[in-house]
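The structure appears below as C-alpha cells.
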Amino acid sequence: MSNASDPSRSKRRWLRANNIIGKCVPPLVLLFMWKGWKLCTFEIGIDYLTRKQCLTVLGPLYITSFNVIFVPTVVAYLRVYFAPANHSIPPREPPLSVREKRVVHEVDGPDGQVRRCWRDDCRGRWKPSKTRHCGSCGVCRTEFDHHCPWFDGCISSSTLRPFLISLLLAPPLIFLGVAPILSLFRAHLAAVVRSSATAPWIRSVWWDRWWSWVPGPVGWWAIRVGLGFWRWDGLPGRGVDEPRADVALMVLCGVGISLIALGLLYTTLSGIFSSSSTIDVQRARSYNALQTALAALASPSESSALLAAQNEQKHHDLDERSKALDPRVWVWVPLEGVKGRVVRTRAEDRVWDLGCRRNWEEAVGRGLFGARTSDPTLPRLSPTVMERLQREAERSAFG
C-alpha cells in the first residue's frame with residue numbers, strides 16, 4: 001500500500017517506454033494527417049486530377065470521398081488521444097448489489113472479500129472483473145486491453161469503439177488517398193534510382209567515398225534514393241506528377257501506418273471475439289512458460305547440495321510469479337435460501353467467453369456506431385462455466 005504515494009514510483013512510470021513513445025508518436029501521426037489531407041485535397045484532387053488531367057467529375061468525387069472517410073477517422077483518433085484521464089476508471093466502492101453479495105462477481109479470494117487495487121493512484125479502489133491496472137497511467141481501467149503508444153492512451157471500455165473505428169478506416173483512407181498517383185510513384189522511384197547511380201554530384205558525395213558501404217545494404221539503398229530525391233527537389237514548380245521527396249515519404253509512411261493499423265485491428269478483433277484482452281493473452285503465455293519451467297525443475301535429477309538449493313530458490317521465485325499470473329479466478333455465487341459460496345474457476349476455463357456475437361455486443365455494442373448497453377463493471381460469465389460454478393456452489397452448501 002505504501003507505493004500509492006511513492007513519488008519515485010510515479011517518476012519511473014513516466015520514464016516507461018510506452019509513455020516516452022506516446023509523447024512522440026501521436027504528434028507525428030497528427031502531422032501526417034494534416035500533410036496528407038493537404039496533399040490529397042489540393043495537390044492530387046484539385047491540381048493533378050481536376051486541372052492537369054481535366055477530370056472534372058472524378059476530381060471532385062475523389063476529394064469528396066476522401067474527406068467523407070477522413071473526418072470520422074480523425075475524430076475517432078482524437079477521441080482516444082484526448083480521452084479524459086479518468087476514463088474507464090471503476091467507482092471507488094462497488095455497487096450495493098455487490099456489497100450485499102446479491103449478484104455473481106469476482107472476489108479477492110476464498111474469503112469472498114471485494115477485490116481492490118492498492119497500486120499507484122488506485123489507493124484501495126474497487127477492482128471489478130476484467131479490470132486491469134495500467135502501469136503507464138497508474139490507474140485501473142475497466143475492460144483494459146492495452147496501453148497504446150500510437151494513441152498515447154489506454155484502450156479500454158470507453159475508448160475501444162473509437163479505437164476500432166480509426167483502425168478500420170485508416171487503411172482504406174490511405175489507399176484511396178494515394179491510389180491516383182501509385183503508378184506515378186513507381187515510375188518516379190525507378191527514375192530516381194536510375195539517376196542516383198549516374199549523377200556526378202551524387203557520385204562525388206557518396207559513391208566515390210569509402211564510407212558509402214558502412215550503413216549496410218539497406219542503409220546504402222535508402223541513402224542512395226534519398227540523395228536522388230534531394231537532387232530532383234532542386235527543380236522548381238513541380239507537382240505530384242514529378243518526383244518529390246515529400247510525396248515519396250508520405251506514401252511510405254502511409255504504407256507503414258496501414259500495416260500497423262491492420263496488425264492492431266487483427267489482434268484487437270481476435271481478442272474481442274474470444275473475450276481475451278491483449279494483456280490476458282500475454283499473461284497466459286507467461287503463465288504457461290512458467291508452468292513449463294516449474295515442471296522442468298520438478299523433474300528428478302542428480303545434483304549437488306548447492307545446485308539443489310539454487311533450484312529450490314529458483315522454484316520458489318517461479319512459483320510466486322506463477323501465482324500472480326494464475327488465470328483462475330474466485331467467483332462469488334449467490335444461492336437461494338442460504339448464504340452463497342465462493343468457487344474457483346479452472347485454468348482451462350474461458351470464463352468470459354459468451355460466443356463471438358455476444359462477446360462483440362458486450363465489448364462494443366450491437367453495432368460499431370450503436371449504443372452499448374452492458375455494464376463494464378459487471379461482465380457476464382460464460383453460461384457453461386456459470387452452470388458448473390452454480391452446481392459446485394450448491395454442492396458445497398447442501399452437501
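Residues are referred to by chain and number: the chain letter is A, B, ... according to the order shown in the C-alpha cells, the number counts from 1 in that chain, and ligands are numbered separately from 1 in the order shown.
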Report as a compact mmCIF listing (two decimals) with all heavy atoms, in the first residue's frame all protein, DNA and RNA residues lying within 10 Å of Ser276 of chain A, evaluated on only C-alpha atoms, omitting residues in the same chain fewer than 2 positions from it.
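Okay, selection_33.txt is ready:
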```
# COMPACT_ATOMS: atom_id res chain seq x y z
N LYS A 130 -12.41 -8.29 -15.14
CA LYS A 130 -11.86 -7.84 -16.43
C LYS A 130 -11.26 -6.44 -16.34
O LYS A 130 -11.08 -5.77 -17.36
CB LYS A 130 -12.92 -7.88 -17.53
CG LYS A 130 -13.50 -9.27 -17.76
CD LYS A 130 -14.54 -9.29 -18.87
CE LYS A 130 -13.89 -9.12 -20.22
NZ LYS A 130 -14.88 -9.26 -21.31
N GLU A 143 -12.27 -3.31 -18.42
CA GLU A 143 -12.07 -3.97 -19.72
C GLU A 143 -10.80 -3.46 -20.41
O GLU A 143 -10.77 -3.20 -21.60
CB GLU A 143 -13.29 -3.80 -20.61
CG GLU A 143 -14.54 -4.46 -20.03
CD GLU A 143 -15.73 -4.39 -20.96
OE1 GLU A 143 -15.65 -3.71 -22.00
OE2 GLU A 143 -16.76 -5.00 -20.64
N ASP A 145 -7.53 -3.36 -22.31
CA ASP A 145 -6.91 -4.21 -23.32
C ASP A 145 -5.40 -3.98 -23.35
O ASP A 145 -4.63 -4.92 -23.19
CB ASP A 145 -7.52 -3.94 -24.69
CG ASP A 145 -7.04 -4.92 -25.74
OD1 ASP A 145 -7.60 -6.02 -25.81
OD2 ASP A 145 -6.07 -4.60 -26.48
N THR A 268 -6.81 -6.99 -31.95
CA THR A 268 -7.91 -6.50 -31.12
C THR A 268 -9.20 -7.24 -31.40
O THR A 268 -9.93 -7.63 -30.48
CB THR A 268 -8.12 -4.99 -31.34
OG1 THR A 268 -6.88 -4.30 -31.12
CG2 THR A 268 -9.16 -4.45 -30.37
N LEU A 269 -9.52 -7.45 -32.69
CA LEU A 269 -10.74 -8.18 -33.03
C LEU A 269 -10.66 -9.63 -32.56
O LEU A 269 -11.66 -10.19 -32.08
CB LEU A 269 -10.98 -8.14 -34.54
CG LEU A 269 -11.43 -6.80 -35.11
CD1 LEU A 269 -11.57 -6.89 -36.63
CD2 LEU A 269 -12.74 -6.33 -34.48
N SER A 270 -9.49 -10.25 -32.66
CA SER A 270 -9.32 -11.61 -32.16
C SER A 270 -9.60 -11.67 -30.67
O SER A 270 -10.26 -12.60 -30.18
CB SER A 270 -7.90 -12.11 -32.45
OG SER A 270 -7.64 -12.14 -33.83
N GLY A 271 -9.12 -10.66 -29.94
CA GLY A 271 -9.38 -10.61 -28.51
C GLY A 271 -10.84 -10.39 -28.18
O GLY A 271 -11.38 -10.99 -27.24
N ILE A 272 -11.51 -9.52 -28.95
CA ILE A 272 -12.93 -9.26 -28.71
C ILE A 272 -13.76 -10.52 -28.93
O ILE A 272 -14.60 -10.90 -28.10
CB ILE A 272 -13.43 -8.12 -29.61
CG1 ILE A 272 -12.81 -6.79 -29.19
CG2 ILE A 272 -14.96 -8.03 -29.58
CD1 ILE A 272 -13.15 -5.64 -30.10
N PHE A 273 -13.54 -11.19 -30.06
CA PHE A 273 -14.36 -12.36 -30.40
C PHE A 273 -14.09 -13.54 -29.47
O PHE A 273 -14.96 -14.41 -29.31
CB PHE A 273 -14.13 -12.76 -31.85
CG PHE A 273 -14.70 -11.79 -32.84
CD1 PHE A 273 -13.94 -11.34 -33.90
CD2 PHE A 273 -15.99 -11.31 -32.69
CE1 PHE A 273 -14.47 -10.43 -34.81
CE2 PHE A 273 -16.53 -10.40 -33.59
CZ PHE A 273 -15.77 -9.97 -34.66
N SER A 274 -12.91 -13.60 -28.86
CA SER A 274 -12.60 -14.67 -27.92
C SER A 274 -12.73 -14.22 -26.47
O SER A 274 -12.49 -15.02 -25.56
CB SER A 274 -11.19 -15.19 -28.16
OG SER A 274 -10.22 -14.18 -27.93
N THR A 278 -5.63 -8.19 -24.92
CA THR A 278 -4.22 -8.33 -25.27
C THR A 278 -3.38 -8.67 -24.05
O THR A 278 -2.49 -9.53 -24.11
CB THR A 278 -3.71 -7.03 -25.92
OG1 THR A 278 -4.49 -6.74 -27.08
CG2 THR A 278 -2.24 -7.15 -26.31
N ILE A 279 -3.67 -8.02 -22.93
CA ILE A 279 -2.91 -8.29 -21.70
C ILE A 279 -3.20 -9.69 -21.19
O ILE A 279 -2.31 -10.37 -20.65
CB ILE A 279 -3.22 -7.22 -20.63
CG1 ILE A 279 -2.24 -7.31 -19.46
CG2 ILE A 279 -4.65 -7.32 -20.14
CD1 ILE A 279 -0.87 -6.85 -19.79
N ASP A 280 -4.43 -10.19 -21.38
CA ASP A 280 -4.76 -11.55 -20.96
C ASP A 280 -3.97 -12.58 -21.76
O ASP A 280 -3.49 -13.58 -21.21
CB ASP A 280 -6.26 -11.82 -21.12
CG ASP A 280 -7.10 -11.08 -20.10
OD1 ASP A 280 -6.55 -10.75 -19.03
OD2 ASP A 280 -8.28 -10.82 -20.37
N VAL A 281 -3.85 -12.35 -23.06
CA VAL A 281 -3.08 -13.27 -23.92
C VAL A 281 -1.62 -13.28 -23.50
O VAL A 281 -1.00 -14.35 -23.40
CB VAL A 281 -3.22 -12.85 -25.40
CG1 VAL A 281 -2.30 -13.69 -26.28
CG2 VAL A 281 -4.67 -13.00 -25.86
N GLN A 282 -1.06 -12.11 -23.22
CA GLN A 282 0.34 -12.04 -22.79
C GLN A 282 0.54 -12.74 -21.44
O GLN A 282 1.52 -13.47 -21.24
CB GLN A 282 0.77 -10.59 -22.71
CG GLN A 282 0.81 -9.88 -24.05
CD GLN A 282 1.09 -8.39 -23.92
OE1 GLN A 282 1.06 -7.83 -22.83
NE2 GLN A 282 1.36 -7.75 -25.05
N ALA A 284 -1.32 -15.17 -20.22
CA ALA A 284 -1.48 -16.62 -20.41
C ALA A 284 -0.20 -17.24 -20.95
O ALA A 284 0.21 -18.33 -20.52
CB ALA A 284 -2.65 -16.89 -21.34
N ARG A 350 -12.74 -20.73 -20.16
CA ARG A 350 -12.85 -19.44 -20.86
C ARG A 350 -13.98 -18.70 -20.17
O ARG A 350 -15.13 -18.69 -20.63
CB ARG A 350 -13.10 -19.67 -22.34
CG ARG A 350 -12.00 -20.50 -22.99
CD ARG A 350 -12.26 -20.80 -24.45
NE ARG A 350 -12.22 -19.57 -25.25
CZ ARG A 350 -12.33 -19.56 -26.57
NH1 ARG A 350 -12.49 -20.69 -27.23
NH2 ARG A 350 -12.30 -18.42 -27.23
N VAL A 351 -13.62 -18.07 -19.06
CA VAL A 351 -14.60 -17.59 -18.09
C VAL A 351 -15.58 -16.59 -18.70
O VAL A 351 -16.79 -16.62 -18.41
CB VAL A 351 -13.88 -16.95 -16.88
CG1 VAL A 351 -14.90 -16.46 -15.85
CG2 VAL A 351 -12.93 -17.96 -16.26
N TRP A 352 -15.10 -15.70 -19.56
CA TRP A 352 -15.95 -14.60 -20.04
C TRP A 352 -16.41 -14.79 -21.49
O TRP A 352 -16.97 -13.88 -22.07
CB TRP A 352 -15.19 -13.27 -19.92
CG TRP A 352 -14.51 -13.11 -18.61
CD1 TRP A 352 -13.17 -13.17 -18.37
CD2 TRP A 352 -15.12 -12.90 -17.34
NE1 TRP A 352 -12.90 -13.00 -17.05
CE2 TRP A 352 -14.09 -12.83 -16.37
CE3 TRP A 352 -16.45 -12.76 -16.91
CZ2 TRP A 352 -14.33 -12.63 -15.04
CZ3 TRP A 352 -16.69 -12.57 -15.56
CH2 TRP A 352 -15.64 -12.51 -14.65
N ASP A 353 -16.17 -15.98 -22.04
CA ASP A 353 -16.50 -16.22 -23.45
C ASP A 353 -17.98 -16.54 -23.61
O ASP A 353 -18.45 -17.60 -23.18
CB ASP A 353 -15.64 -17.36 -23.98
CG ASP A 353 -15.76 -17.51 -25.49
OD1 ASP A 353 -16.47 -16.70 -26.11
OD2 ASP A 353 -15.13 -18.44 -26.04
N ASN A 359 -19.92 -11.72 -27.42
CA ASN A 359 -18.69 -11.06 -26.98
C ASN A 359 -18.58 -9.67 -27.60
O ASN A 359 -18.18 -8.71 -26.95
CB ASN A 359 -17.47 -11.90 -27.36
CG ASN A 359 -17.34 -13.16 -26.53
OD1 ASN A 359 -17.92 -13.26 -25.45
ND2 ASN A 359 -16.59 -14.12 -27.03
```
Report as a VMD selection string all protein, DNA and RNA residues lying within 8 Å of segment 84-93 of chain A, evaluated on only C-alpha atoms, omitting residues in the same chain fewer than 5 positions from it.
chain A and resid 124 to 128 139 to 142 156 to 158 377
Could you tell me which of A:Lys339, A:Lys23, A:Arg161, A:Arg194 comes closest to Trp360 of chain A if we count only C-alpha atoms?
A:Arg161
Residues of segment 70-139 of chain A in strand (DSSP E), written as a list in words:
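Matching residues, listed in order: His105, Glu106, Val107, Arg116, Cys117, Arg125, Trp126, Thr131, Arg132, His133, Cys134 and Val139 of chain A.
Distances to Gly254 of chain A were evaluated for A:Leu318, A:Cys137, A:Leu294, A:Ala170 using only C-alpha atoms, and the minimum falls at A:Ala170.
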